file structure_33.tsv (TSV, C-alpha atoms)
chain	number	residue	atom	x	y	z
F	1	MET	CA	-202.30	-24.81	-107.33
F	2	ASN	CA	-201.80	-21.22	-108.36
F	3	LEU	CA	-205.33	-20.58	-109.50
F	4	SER	CA	-206.81	-17.40	-108.09
F	5	ALA	CA	-209.85	-17.88	-105.89
F	6	LYS	CA	-212.07	-16.35	-108.56
F	7	GLN	CA	-210.68	-18.50	-111.38
F	8	LYS	CA	-211.16	-21.51	-109.22
F	9	ARG	CA	-214.77	-20.69	-108.45
F	10	SER	CA	-215.63	-20.32	-112.10
F	11	LEU	CA	-213.71	-23.50	-113.00
F	12	TRP	CA	-215.62	-25.50	-110.39
F	13	GLN	CA	-218.88	-24.02	-111.66
F	14	ASP	CA	-218.22	-24.43	-115.38
F	15	HIS	CA	-216.56	-27.81	-115.48
F	16	PHE	CA	-217.98	-29.60	-112.48
F	17	GLY	CA	-221.28	-27.82	-111.82
F	18	ILE	CA	-220.23	-27.14	-108.24
F	19	THR	CA	-220.82	-23.79	-106.60
F	20	ILE	CA	-218.21	-22.95	-104.03
F	21	ALA	CA	-218.55	-19.78	-101.96
F	22	ALA	CA	-215.77	-17.24	-101.59
F	23	GLY	CA	-213.49	-18.14	-98.71
F	24	GLN	CA	-214.81	-21.68	-98.56
F	25	TYR	CA	-212.27	-24.51	-98.58
F	26	GLY	CA	-212.83	-27.24	-101.16
F	27	VAL	CA	-212.42	-30.79	-99.84
F	28	ALA	CA	-212.49	-33.84	-102.12
F	29	LEU	CA	-213.43	-37.23	-100.71
F	30	ALA	CA	-211.88	-40.14	-102.60
F	31	GLY	CA	-211.73	-43.86	-101.90
F	32	ASN	CA	-212.39	-47.38	-103.13
F	33	PRO	CA	-216.02	-48.50	-103.39
F	34	ASN	CA	-217.61	-49.67	-100.11
F	35	VAL	CA	-215.16	-48.13	-97.68
F	36	GLY	CA	-217.75	-45.95	-95.97
F	37	LYS	CA	-216.99	-42.81	-97.92
F	38	SER	CA	-220.62	-41.78	-97.99
F	39	THR	CA	-221.02	-42.49	-94.27
F	40	ILE	CA	-218.22	-40.05	-93.57
F	41	PHE	CA	-219.69	-37.59	-96.02
F	42	ASN	CA	-223.12	-37.80	-94.38
F	43	ALA	CA	-221.70	-37.61	-90.87
F	44	LEU	CA	-219.77	-34.44	-91.67
F	45	THR	CA	-222.26	-32.60	-93.83
F	46	GLY	CA	-225.56	-33.77	-92.31
F	47	LEU	CA	-228.46	-32.30	-94.20
F	48	HIS	CA	-226.45	-29.60	-95.92
F	49	GLN	CA	-226.17	-31.52	-99.15
F	50	HIS	CA	-226.78	-31.04	-102.82
F	51	THR	CA	-227.08	-34.09	-104.99
F	52	GLY	CA	-227.20	-34.34	-108.74
F	53	ASN	CA	-225.12	-35.62	-111.58
F	54	TRP	CA	-221.67	-34.78	-112.81
F	55	PRO	CA	-222.11	-32.56	-115.88
F	56	GLY	CA	-222.88	-34.70	-118.91
F	57	LYS	CA	-222.42	-37.98	-117.05
F	58	THR	CA	-224.83	-40.44	-115.51
F	59	VAL	CA	-222.80	-40.58	-112.32
F	60	ASP	CA	-224.14	-39.25	-109.04
F	61	ASN	CA	-222.49	-36.25	-107.54
F	62	ALA	CA	-222.97	-35.18	-103.94
F	63	GLN	CA	-221.63	-32.03	-102.35
F	64	GLY	CA	-222.17	-30.80	-98.86
F	65	GLY	CA	-221.01	-28.04	-96.61
F	66	PHE	CA	-219.83	-28.07	-93.01
F	67	GLN	CA	-218.43	-25.57	-90.55
F	68	TYR	CA	-215.50	-26.19	-88.28
F	69	GLN	CA	-213.79	-23.59	-86.09
F	70	GLN	CA	-215.68	-20.78	-87.83
F	71	LYS	CA	-214.33	-21.94	-91.20
F	72	SER	CA	-216.53	-23.10	-93.99
F	73	PHE	CA	-215.82	-26.22	-96.05
F	74	LEU	CA	-217.41	-27.65	-99.17
F	75	MET	CA	-216.98	-31.39	-99.41
F	76	VAL	CA	-217.30	-33.20	-102.74
F	77	ASP	CA	-217.97	-36.93	-102.63
F	78	LEU	CA	-216.10	-38.44	-105.59
F	79	PRO	CA	-217.23	-41.73	-107.15
F	80	GLY	CA	-215.69	-44.81	-105.49
F	81	THR	CA	-212.81	-46.15	-107.61
F	82	TYR	CA	-209.95	-48.63	-107.31
F	83	SER	CA	-207.69	-46.54	-109.50
F	84	LEU	CA	-207.37	-43.13	-111.15
F	85	LEU	CA	-206.02	-44.45	-114.41
F	86	ALA	CA	-209.39	-43.99	-116.03
F	87	HIS	CA	-210.93	-47.07	-117.53
F	88	THR	CA	-214.40	-46.08	-116.42
F	89	VAL	CA	-216.41	-42.88	-116.34
F	90	GLU	CA	-216.21	-42.88	-112.52
F	91	GLU	CA	-212.44	-43.02	-112.56
F	92	GLN	CA	-212.29	-40.31	-115.16
F	93	ILE	CA	-214.48	-38.02	-113.06
F	94	ALA	CA	-212.47	-38.62	-109.90
F	95	ARG	CA	-209.20	-38.07	-111.75
F	96	ASP	CA	-210.35	-34.92	-113.54
F	97	PHE	CA	-211.61	-33.42	-110.31
F	98	LEU	CA	-208.37	-34.09	-108.46
F	99	CYS	CA	-206.19	-32.95	-111.36
F	100	PHE	CA	-207.99	-29.89	-112.57
F	101	ALA	CA	-210.19	-28.61	-109.73
F	102	SER	CA	-207.19	-28.56	-107.35
F	103	PRO	CA	-209.20	-29.06	-104.14
F	104	ASP	CA	-207.57	-27.55	-101.03
F	105	VAL	CA	-207.56	-30.96	-99.35
F	106	THR	CA	-208.18	-34.47	-100.60
F	107	VAL	CA	-209.28	-37.02	-98.04
F	108	VAL	CA	-208.54	-40.57	-99.20
F	109	VAL	CA	-210.75	-42.99	-97.30
F	110	LEU	CA	-209.26	-46.46	-96.87
F	111	ASP	CA	-210.80	-49.68	-95.59
F	112	ALA	CA	-208.70	-50.48	-92.52
F	113	THR	CA	-209.52	-54.18	-92.88
F	114	CYS	CA	-208.06	-54.32	-96.34
F	115	LEU	CA	-205.22	-51.80	-96.49
F	116	GLU	CA	-203.13	-53.63	-99.03
F	117	ARG	CA	-205.80	-53.24	-101.69
F	118	ASN	CA	-206.71	-49.70	-100.70
F	119	LEU	CA	-203.27	-48.10	-100.56
F	120	ASN	CA	-202.97	-48.35	-104.34
F	121	LEU	CA	-205.44	-45.50	-104.74
F	122	ALA	CA	-203.76	-43.45	-102.00
F	123	LEU	CA	-200.41	-43.69	-103.78
F	124	GLN	CA	-202.01	-42.59	-107.04
F	125	VAL	CA	-203.58	-39.57	-105.35
F	126	PHE	CA	-200.18	-38.72	-103.82
F	127	GLU	CA	-198.82	-38.36	-107.35
F	128	ILE	CA	-201.47	-35.80	-108.23
F	129	THR	CA	-201.64	-33.58	-105.16
F	130	PRO	CA	-199.59	-33.12	-101.99
F	131	ASN	CA	-202.52	-31.94	-99.85
F	132	VAL	CA	-203.81	-35.33	-98.81
F	133	ILE	CA	-205.19	-36.79	-95.60
F	134	VAL	CA	-205.55	-40.53	-95.25
F	135	CYS	CA	-208.64	-41.60	-93.35
F	136	LEU	CA	-208.55	-45.18	-92.06
F	137	ASN	CA	-212.20	-46.00	-91.84
F	138	LEU	CA	-213.95	-49.14	-90.58
F	139	MET	CA	-211.58	-49.31	-87.61
F	140	ASP	CA	-214.37	-51.06	-85.69
F	141	GLU	CA	-214.41	-53.82	-88.33
F	142	ALA	CA	-210.63	-54.07	-88.17
F	143	GLN	CA	-210.84	-54.49	-84.42
F	144	LYS	CA	-213.36	-57.28	-84.84
F	145	LYS	CA	-210.90	-58.98	-87.16
F	146	ARG	CA	-208.23	-58.47	-84.49
F	147	LEU	CA	-206.14	-56.29	-86.78
F	148	LYS	CA	-203.85	-53.81	-85.08
F	149	ILE	CA	-202.77	-50.87	-87.17
F	150	ASP	CA	-199.81	-48.76	-86.17
F	151	VAL	CA	-201.21	-45.40	-87.23
F	152	GLN	CA	-198.10	-43.43	-86.34
F	153	SER	CA	-195.79	-45.62	-88.40
F	154	LEU	CA	-198.22	-45.52	-91.30
F	155	GLU	CA	-198.23	-41.73	-91.05
F	156	ARG	CA	-194.44	-41.71	-91.15
F	157	GLU	CA	-194.29	-44.10	-94.11
F	158	LEU	CA	-196.90	-42.22	-96.13
F	159	GLY	CA	-195.79	-38.70	-95.25
F	160	VAL	CA	-199.36	-37.42	-94.77
F	161	PRO	CA	-201.66	-37.20	-91.73
F	162	VAL	CA	-203.50	-40.45	-91.02
F	163	VAL	CA	-206.76	-40.36	-89.06
F	164	ALA	CA	-208.41	-43.52	-87.75
F	165	THR	CA	-212.22	-43.40	-87.84
F	166	ALA	CA	-215.25	-45.58	-87.37
F	167	ALA	CA	-217.75	-43.34	-89.14
F	168	ARG	CA	-220.78	-45.46	-88.30
F	169	GLN	CA	-220.03	-44.92	-84.60
F	170	GLY	CA	-219.03	-41.32	-85.20
F	171	GLU	CA	-215.51	-42.00	-83.91
F	172	GLY	CA	-212.58	-39.92	-85.11
F	173	LEU	CA	-214.65	-37.41	-87.07
F	174	ILE	CA	-213.63	-34.39	-84.98
F	175	GLU	CA	-209.98	-35.27	-85.47
F	176	LEU	CA	-210.62	-35.65	-89.20
F	177	GLN	CA	-212.16	-32.17	-89.34
F	178	GLU	CA	-209.23	-30.78	-87.38
F	179	LYS	CA	-206.72	-32.28	-89.83
F	180	ILE	CA	-208.75	-31.06	-92.80
F	181	LEU	CA	-208.59	-27.53	-91.40
F	182	GLN	CA	-204.87	-27.78	-90.66
F	183	VAL	CA	-203.96	-29.07	-94.12
F	184	ALA	CA	-206.34	-26.68	-95.91
F	185	SER	CA	-204.94	-23.66	-94.11
F	186	GLY	CA	-201.37	-24.80	-94.68
F	187	ALA	CA	-200.66	-25.12	-90.94
F	188	LEU	CA	-199.82	-28.80	-91.35
F	189	PRO	CA	-197.36	-29.44	-94.19
F	190	THR	CA	-197.51	-32.80	-95.96
F	191	ASN	CA	-194.90	-34.69	-97.90
F	192	PRO	CA	-196.60	-37.66	-99.52
F	193	ARG	CA	-194.47	-40.64	-100.43
F	194	GLN	CA	-193.71	-40.83	-104.15
F	195	ILE	CA	-193.29	-44.07	-106.03
F	196	LEU	CA	-189.98	-44.47	-107.80
F	197	TYR	CA	-190.32	-46.35	-111.07
F	198	SER	CA	-187.70	-48.32	-112.96
F	199	PRO	CA	-184.57	-46.38	-114.03
F	200	GLU	CA	-185.79	-46.30	-117.67
F	201	VAL	CA	-189.10	-44.73	-116.70
F	202	GLU	CA	-187.48	-42.27	-114.31
F	203	LYS	CA	-185.06	-41.23	-117.04
F	204	ALA	CA	-187.89	-40.66	-119.49
F	205	VAL	CA	-189.83	-38.66	-116.90
F	206	GLU	CA	-186.81	-36.47	-116.24
F	207	HIS	CA	-186.48	-35.92	-119.96
F	208	LEU	CA	-190.12	-34.86	-120.28
F	209	LEU	CA	-190.32	-32.65	-117.18
F	210	PRO	CA	-188.86	-29.46	-118.69
F	211	MET	CA	-191.25	-29.79	-121.64
F	212	VAL	CA	-194.42	-30.45	-119.72
F	213	GLY	CA	-193.77	-27.73	-117.16
F	214	SER	CA	-195.37	-25.07	-119.33
F	215	ILE	CA	-198.42	-27.23	-120.07
F	216	ALA	CA	-198.91	-28.09	-116.43
F	217	ASN	CA	-199.01	-24.38	-115.76
F	218	ASN	CA	-198.73	-24.76	-111.98
F	219	THR	CA	-202.16	-26.27	-111.67
F	220	LEU	CA	-201.11	-29.83	-112.32
F	221	SER	CA	-198.28	-32.01	-111.07
F	222	PRO	CA	-195.70	-32.11	-113.92
F	223	ARG	CA	-194.58	-35.57	-112.81
F	224	TRP	CA	-198.11	-36.97	-113.06
F	225	LEU	CA	-198.51	-35.35	-116.46
F	226	ALA	CA	-195.22	-36.82	-117.68
F	227	LEU	CA	-196.18	-40.28	-116.44
F	228	ARG	CA	-199.53	-40.16	-118.21
F	229	LEU	CA	-197.86	-39.05	-121.43
F	230	LEU	CA	-195.55	-42.05	-121.17
F	231	ASP	CA	-198.60	-44.22	-120.56
F	232	GLY	CA	-200.13	-42.87	-123.76
F	233	ASP	CA	-203.31	-42.33	-121.74
F	234	ARG	CA	-205.73	-41.00	-124.37
F	235	SER	CA	-208.54	-40.14	-122.02
F	236	PHE	CA	-206.22	-38.00	-119.91
F	237	LEU	CA	-205.00	-36.16	-122.99
F	238	ASP	CA	-208.60	-35.44	-123.94
F	239	SER	CA	-209.27	-34.01	-120.49
F	240	LEU	CA	-206.09	-31.98	-120.75
F	241	SER	CA	-207.35	-30.39	-123.94
F	242	SER	CA	-210.75	-29.57	-122.55
F	243	PHE	CA	-209.52	-28.17	-119.22
F	244	LEU	CA	-206.37	-26.36	-120.18
F	245	GLY	CA	-206.98	-25.79	-123.86
F	246	VAL	CA	-203.84	-27.72	-124.71
F	247	ASN	CA	-204.15	-29.32	-128.11
F	248	SER	CA	-200.98	-29.78	-129.99
F	249	CYS	CA	-198.39	-29.40	-127.26
F	250	TRP	CA	-198.66	-32.98	-126.16
F	251	GLU	CA	-197.98	-34.26	-129.64
F	252	GLY	CA	-194.56	-32.70	-129.31
F	253	ALA	CA	-194.09	-34.13	-125.87
F	254	ARG	CA	-195.10	-37.53	-127.19
F	255	CYS	CA	-192.54	-37.41	-129.96
F	256	ALA	CA	-189.94	-36.67	-127.32
F	257	GLN	CA	-190.37	-40.18	-125.99
P	1	MET	CA	-192.21	-70.76	-101.62
P	2	LYS	CA	-190.78	-74.23	-101.23
P	3	GLY	CA	-193.88	-75.93	-102.61
P	4	ALA	CA	-193.50	-74.30	-106.03
P	5	GLU	CA	-193.87	-76.47	-109.11
P	6	ARG	CA	-194.87	-75.94	-112.75
P	7	ILE	CA	-196.21	-72.88	-114.54
P	8	ASP	CA	-199.88	-72.94	-115.62
P	9	ALA	CA	-202.52	-70.57	-116.90
P	10	LEU	CA	-204.82	-69.17	-114.22
P	11	ALA	CA	-207.80	-70.38	-116.24
P	12	ASP	CA	-206.69	-74.01	-115.81
P	13	LEU	CA	-206.93	-73.83	-112.04
P	14	SER	CA	-209.65	-75.98	-110.50
P	15	PRO	CA	-211.86	-74.63	-107.72
P	16	GLY	CA	-210.21	-74.87	-104.32
P	17	SER	CA	-206.63	-74.69	-105.51
P	18	VAL	CA	-204.23	-71.88	-104.68
P	19	CYS	CA	-201.48	-70.47	-106.83
P	20	GLN	CA	-199.09	-67.57	-107.12
P	21	ILE	CA	-199.12	-65.13	-110.02
P	22	VAL	CA	-195.98	-65.32	-112.15
P	23	SER	CA	-196.70	-62.91	-114.99
P	24	LEU	CA	-199.48	-61.21	-116.95
P	25	GLU	CA	-199.45	-61.73	-120.71
P	26	LEU	CA	-202.21	-59.15	-121.06
P	27	SER	CA	-201.69	-55.71	-122.53
P	28	GLY	CA	-203.24	-52.26	-122.54
P	29	LEU	CA	-206.24	-51.30	-120.44
P	30	LEU	CA	-207.09	-54.81	-119.36
P	31	ARG	CA	-203.59	-55.30	-118.01
P	32	ARG	CA	-203.85	-52.03	-116.10
P	33	ARG	CA	-207.24	-53.05	-114.76
P	34	ILE	CA	-206.01	-56.42	-113.54
P	35	LEU	CA	-203.01	-54.77	-111.87
P	36	ASP	CA	-205.30	-52.22	-110.18
P	37	LEU	CA	-207.34	-55.06	-108.73
P	38	GLY	CA	-204.21	-56.23	-106.94
P	39	ILE	CA	-203.35	-59.12	-109.26
P	40	VAL	CA	-199.60	-58.56	-109.62
P	41	PRO	CA	-196.67	-60.99	-109.89
P	42	GLY	CA	-196.22	-62.68	-106.51
P	43	THR	CA	-199.85	-62.37	-105.43
P	44	LEU	CA	-201.51	-65.48	-104.05
P	45	ILE	CA	-204.82	-66.28	-105.68
P	46	ARG	CA	-207.39	-68.96	-104.89
P	47	CYS	CA	-209.89	-70.32	-107.38
P	48	ILE	CA	-213.29	-70.36	-105.66
P	49	ARG	CA	-215.93	-71.50	-108.12
P	50	ARG	CA	-216.97	-71.47	-111.77
P	51	GLY	CA	-220.02	-69.81	-113.28
P	52	PRO	CA	-222.93	-72.01	-114.44
P	53	SER	CA	-221.57	-72.50	-117.94
P	54	GLY	CA	-217.96	-72.80	-116.81
P	55	ASP	CA	-217.28	-69.12	-117.27
P	56	PRO	CA	-216.54	-66.69	-115.63
P	57	THR	CA	-214.62	-67.98	-112.62
P	58	ALA	CA	-214.48	-66.38	-109.19
P	59	TYR	CA	-211.07	-65.93	-107.58
P	60	LEU	CA	-210.15	-64.75	-104.12
P	61	VAL	CA	-207.46	-62.09	-104.30
P	62	ARG	CA	-206.35	-60.12	-101.26
P	63	GLU	CA	-209.57	-60.92	-99.43
P	64	THR	CA	-211.77	-59.81	-102.30
P	65	LEU	CA	-213.72	-62.04	-104.65
P	66	ILE	CA	-213.11	-61.17	-108.29
P	67	ALA	CA	-214.65	-62.82	-111.34
P	68	LEU	CA	-212.54	-63.18	-114.48
P	69	ARG	CA	-213.49	-64.41	-117.94
P	70	SER	CA	-211.59	-67.54	-118.86
P	71	GLU	CA	-210.19	-65.90	-122.02
P	72	ASP	CA	-208.56	-63.28	-119.78
P	73	ALA	CA	-207.51	-65.72	-117.07
P	74	ALA	CA	-205.86	-67.84	-119.76
P	75	GLN	CA	-203.35	-65.04	-120.26
P	76	ILE	CA	-202.24	-64.94	-116.64
P	77	SER	CA	-199.45	-67.38	-115.77
P	78	VAL	CA	-199.36	-68.87	-112.33
P	79	ARG	CA	-197.29	-71.26	-110.28
P	80	THR	CA	-199.36	-73.85	-108.44
P	81	LEU	CA	-198.39	-74.34	-104.85
P	82	LEU	CA	-198.30	-77.77	-103.26
P	83	ASN	CA	-198.77	-76.35	-99.80
P	84	GLY	CA	-201.22	-73.77	-101.09
P	85	GLU	CA	-203.98	-74.71	-98.67
P	86	GLU	CA	-202.21	-72.96	-95.80
P	87	CYS	CA	-201.31	-69.83	-97.74
P	88	ILE	CA	-204.64	-68.01	-98.00

call {"tool": "encode", "arguments": {"input": "structure_33.tsv", "output": "structure tokens"}}
result
Amino acid sequence: MNLSAKQKRSLWQDHFGITIAAGQYGVALAGNPNVGKSTIFNALTGLHQHTGNWPGKTVDNAQGGFQYQQKSFLMVDLPGTYSLLAHTVEEQIARDFLCFASPDVTVVVLDATCLERNLNLALQVFEITPNVIVCLNLMDEAQKKRLKIDVQSLERELGVPVVATAARQGEGLIELQEKILQVASGALPTNPRQILYSPEVEKAVEHLLPMVGSIANNTLSPRWLALRLLDGDRSFLDSLSSFLGVNSCWEGARCAQ
Amino acid sequence: MKGAERIDALADLSPGSVCQIVSLELSGLLRRRILDLGIVPGTLIRCIRRGPSGDPTAYLVRETLIALRSEDAAQISVRTLLNGEECI
């Protein structure tokens, strides 16, 4: 995340068609489909929205601004996905934005009534960026289903701030904004839980890390990059070439497997 | 899982029955996709109903209804549960 503010602005403009003002914090909003992501987005940004398409894709893109404590934020509503391992255009867009745009904060919205399914995406986002806030939405629905969620324990287990909201009722949104500000400004450090894979995979990752470090160039998590190389994820390698201008390096890394 | 019995393909399940995933014989992107949808070894899955021509079939997985083609479901091995009715 060592991009200068100016580099970042031009990257957002050129690759994602998003204009971010100087001094404005960039906030990405990720989540499974139908978790109320757009309700949160609308509640926070109100009428200050721009809608369009992601460059070159027939996928809707919505961005909106909001102010909190005299700070300005630009929120980008990512397409709803179950995963970031890119089988669909939506997943590819969400992944590329998180990996290469390095937003200051990523809010992962989860359906509180169906955490088991939703946490998969949160764990994937944790591998890409440390600056994550988990937003447990649809708490009103969870209450109707008589589900009790121990938010503090969840926070401890995940290592990131967890905010419970019921966006339709407007509940929890102030706290969400507060946490966004704290994480964006660095006042609230996060330490997201990382998945440990089998010893073979971990060994291979360790082997790749020194080699991918230079490709990752401080803008990308080297561990995520190493894992995708081991996956042989073609679509990620294509994105890598177009964003970082890396062409042949990964061939070498691949041989190292 | 005391009611465990033989290993079957998911596609052979009849509507209403419940089973537990044993392994996925799928590979590549489809495998990844199925895993992302929460169908992993150990998951309980209930067959809900078949499409008009017998394909695809709707399954209830972790409180979400998911339709799978029978050619794909044939490559997922499951263990049928005798006491499955109480599991989901």

call {"tool": "interface_residues", "arguments": {"input": "structure_33.tsv", "of": "chain F", "to": "chain P", "cutoff": "9 Å", "atoms": "only C-alpha atoms", "output": "list in words"}}
result
Tyr82, Ser83, Leu85, His87, Cys114, Glu116, Arg117, Asn120 and Leu121 of chain F

call {"tool": "residues_around", "arguments": {"input": "structure_33.tsv", "residues": "F:Tyr197", "least_positions_apart": "6", "cutoff": "12 Å", "atoms": "all atoms listed in the file", "output": "ChimeraX atom specification"}}
result
/F:203-206,223,227

call {"tool": "atom_distance", "arguments": {"input": "structure_33.tsv", "atom1": "atom CA of F:Ala122", "atom2": "atom CA of F:Cys135"}}
result
10.1 Å

call {"tool": "atom_distance", "arguments": {"input": "structure_33.tsv", "atom1": "atom CA of F:Leu158", "atom2": "atom CA of F:Gln143"}}
result
22.0 Å

call {"tool": "residues_around", "arguments": {"input": "structure_33.tsv", "residues": "F:Glu155", "least_positions_apart": "4", "cutoff": "12 Å", "atoms": "all atoms listed in the file", "output": "list in words"}}
result
Val132, Ile133, Val134, Cys135, Leu136, Ile149, Asp150, Val151, Gly159, Val160, Pro161, Val162, Val163, Ala164, Thr190, Asn191, Pro192 and Arg193 of chain F

call {"tool": "write_last_selection", "arguments": {"input": "structure_33.tsv", "atoms": "C-alpha atoms", "output": "tab-separated table (two decimals), in the coordinates of the input"}}
result
chain	number	residue	atom	x	y	z
F	132	VAL	CA	-203.81	-35.33	-98.81
F	133	ILE	CA	-205.19	-36.79	-95.60
F	134	VAL	CA	-205.55	-40.53	-95.25
F	135	CYS	CA	-208.64	-41.60	-93.35
F	136	LEU	CA	-208.55	-45.18	-92.06
F	149	ILE	CA	-202.77	-50.87	-87.17
F	150	ASP	CA	-199.81	-48.76	-86.17
F	151	VAL	CA	-201.21	-45.40	-87.23
F	159	GLY	CA	-195.79	-38.70	-95.25
F	160	VAL	CA	-199.36	-37.42	-94.77
F	161	PRO	CA	-201.66	-37.20	-91.73
F	162	VAL	CA	-203.50	-40.45	-91.02
F	163	VAL	CA	-206.76	-40.36	-89.06
F	164	ALA	CA	-208.41	-43.52	-87.75
F	190	THR	CA	-197.51	-32.80	-95.96
F	191	ASN	CA	-194.90	-34.69	-97.90
F	192	PRO	CA	-196.60	-37.66	-99.52
F	193	ARG	CA	-194.47	-40.64	-100.43

call {"tool": "atom_distance", "arguments": {"input": "structure_33.tsv", "atom1": "atom CA of F:Asn42", "atom2": "atom CA of F:Glu90"}}
result
20.1 Å

call {"tool": "closest_residue", "arguments": {"input": "structure_33.tsv", "among": "F:Val35, F:Leu11, F:Val109, F:Ala5", "to": "F:Gly23", "atoms": "only C-alpha atoms"}}
result
F:Ala5

call {"tool": "residues_around", "arguments": {"input": "structure_33.tsv", "residues": "F:Leu84", "least_positions_apart": "6", "cutoff": "9 Å", "atoms": "all atoms listed in the file", "output": "PyMOL selection string"}}
result
chain F and resi 90-95+121+124-125

call {"tool": "residues_around", "arguments": {"input": "structure_33.tsv", "residues": "P:Ala67", "least_positions_apart": "3", "cutoff": "10 Å", "atoms": "only C-alpha atoms", "output": "count of residues only"}}
result
14

call {"tool": "closest_residue", "arguments": {"input": "structure_33.tsv", "among": "F:Val183, F:Leu229, F:Leu240, F:Leu196", "to": "F:Met211", "atoms": "all atoms listed in the file"}}
result
F:Leu229

call {"tool": "residues_around", "arguments": {"input": "structure_33.tsv", "residues": "P:Glu25", "least_positions_apart": "3", "cutoff": "10 Å", "atoms": "all atoms listed in the file", "output": "list in words"}}
result
Val22, Arg31, Asp72, Ala73, Ala74, Gln75, Ile76 and Ser77 of chain P

call {"tool": "write_last_selection", "arguments": {"input": "structure_33.tsv", "atoms": "C-alpha atoms", "output": "PDB file, in the coordinates of the input"}}
result
ATOM      1  CA  VAL P  22    -195.980 -65.320-112.150  1.00  0.00           C
ATOM      2  CA  ARG P  31    -203.590 -55.300-118.010  1.00  0.00           C
ATOM      3  CA  ASP P  72    -208.560 -63.280-119.780  1.00  0.00           C
ATOM      4  CA  ALA P  73    -207.510 -65.720-117.070  1.00  0.00           C
ATOM      5  CA  ALA P  74    -205.860 -67.840-119.760  1.00  0.00           C
ATOM      6  CA  GLN P  75    -203.350 -65.040-120.260  1.00  0.00           C
ATOM      7  CA  ILE P  76    -202.240 -64.940-116.640  1.00  0.00           C
ATOM      8  CA  SER P  77    -199.450 -67.380-115.770  1.00  0.00           C
TER       9      SER P  77
END

call {"tool": "closest_residue", "arguments": {"input": "structure_33.tsv", "among": "F:Pro199, F:Gly36, F:Gly26, F:Pro210", "to": "F:Met139", "atoms": "all atoms listed in the file"}}
result
F:Gly36

call {"tool": "axis_aligned_box", "arguments": {"input": "structure_33.tsv", "around": "stretch 16-25 of chain F", "padding_each_side": "5 Å", "output": "JSON"}}
result
{"center_x": -216.8, "center_y": -23.4, "center_z": -105.5, "size_x": 19.0, "size_y": 22.4, "size_z": 23.9}

call {"tool": "closest_residue", "arguments": {"input": "structure_33.tsv", "among": "F:Asn34, F:Ser153, F:Gln177, F:Ser185", "to": "F:Asn131", "atoms": "all atoms listed in the file"}}
result
F:Ser185

call {"tool": "closest_residue", "arguments": {"input": "structure_33.tsv", "among": "P:Arg46, P:Arg79, P:Glu71, P:Ser53", "to": "P:Leu26", "atoms": "only C-alpha atoms"}}
result
P:Glu71

call {"tool": "closest_residue", "arguments": {"input": "structure_33.tsv", "among": "F:Leu29, F:Asp60, F:Gly46, F:Leu115", "to": "F:Asp77", "atoms": "only C-alpha atoms"}}
result
F:Leu29

call {"tool": "decode", "arguments": {"input": "structure_33.tsv", "residues": "stretch 35-65 of chain P", "atoms": "C-alpha atoms", "output": "PDB file, in the first residue's frame"}}
result
ATOM      1  CA  LEU P  35     -16.350 -25.357  -2.808  1.00  0.00           C
ATOM      2  CA  ASP P  36     -17.117 -21.616  -2.790  1.00  0.00           C
ATOM      3  CA  LEU P  37     -20.813 -22.406  -2.595  1.00  0.00           C
ATOM      4  CA  GLY P  38     -20.131 -24.192   0.685  1.00  0.00           C
ATOM      5  CA  ILE P  39     -20.269 -27.752  -0.636  1.00  0.00           C
ATOM      6  CA  VAL P  40     -17.232 -29.210   1.124  1.00  0.00           C
ATOM      7  CA  PRO P  41     -16.555 -32.645   2.636  1.00  0.00           C
ATOM      8  CA  GLY P  42     -18.684 -33.007   5.769  1.00  0.00           C
ATOM      9  CA  THR P  43     -21.440 -30.640   4.631  1.00  0.00           C
ATOM     10  CA  LEU P  44     -25.004 -31.860   5.001  1.00  0.00           C
ATOM     11  CA  ILE P  45     -27.054 -31.513   1.843  1.00  0.00           C
ATOM     12  CA  ARG P  46     -30.736 -32.164   1.198  1.00  0.00           C
ATOM     13  CA  CYS P  47     -32.193 -32.966  -2.193  1.00  0.00           C
ATOM     14  CA  ILE P  48     -35.275 -30.774  -2.650  1.00  0.00           C
ATOM     15  CA  ARG P  49     -36.714 -31.316  -6.111  1.00  0.00           C
ATOM     16  CA  ARG P  50     -35.855 -32.122  -9.717  1.00  0.00           C
ATOM     17  CA  GLY P  51     -36.312 -29.889 -12.742  1.00  0.00           C
ATOM     18  CA  PRO P  52     -39.121 -30.689 -15.221  1.00  0.00           C
ATOM     19  CA  SER P  53     -36.994 -32.989 -17.347  1.00  0.00           C
ATOM     20  CA  GLY P  54     -35.185 -34.537 -14.396  1.00  0.00           C
ATOM     21  CA  ASP P  55     -32.338 -32.067 -14.570  1.00  0.00           C
ATOM     22  CA  PRO P  56     -31.083 -29.870 -12.900  1.00  0.00           C
ATOM     23  CA  THR P  57     -31.815 -30.738  -9.278  1.00  0.00           C
ATOM     24  CA  ALA P  58     -32.220 -28.279  -6.428  1.00  0.00           C
ATOM     25  CA  TYR P  59     -30.312 -28.951  -3.215  1.00  0.00           C
ATOM     26  CA  LEU P  60     -30.452 -27.197   0.116  1.00  0.00           C
ATOM     27  CA  VAL P  61     -26.949 -26.400   1.336  1.00  0.00           C
ATOM     28  CA  ARG P  62     -26.319 -24.252   4.394  1.00  0.00           C
ATOM     29  CA  GLU P  63     -29.763 -22.702   4.164  1.00  0.00           C
ATOM     30  CA  THR P  64     -29.397 -21.805   0.506  1.00  0.00           C
ATOM     31  CA  LEU P  65     -31.054 -23.512  -2.430  1.00  0.00           C
TER      32      LEU P  65
END
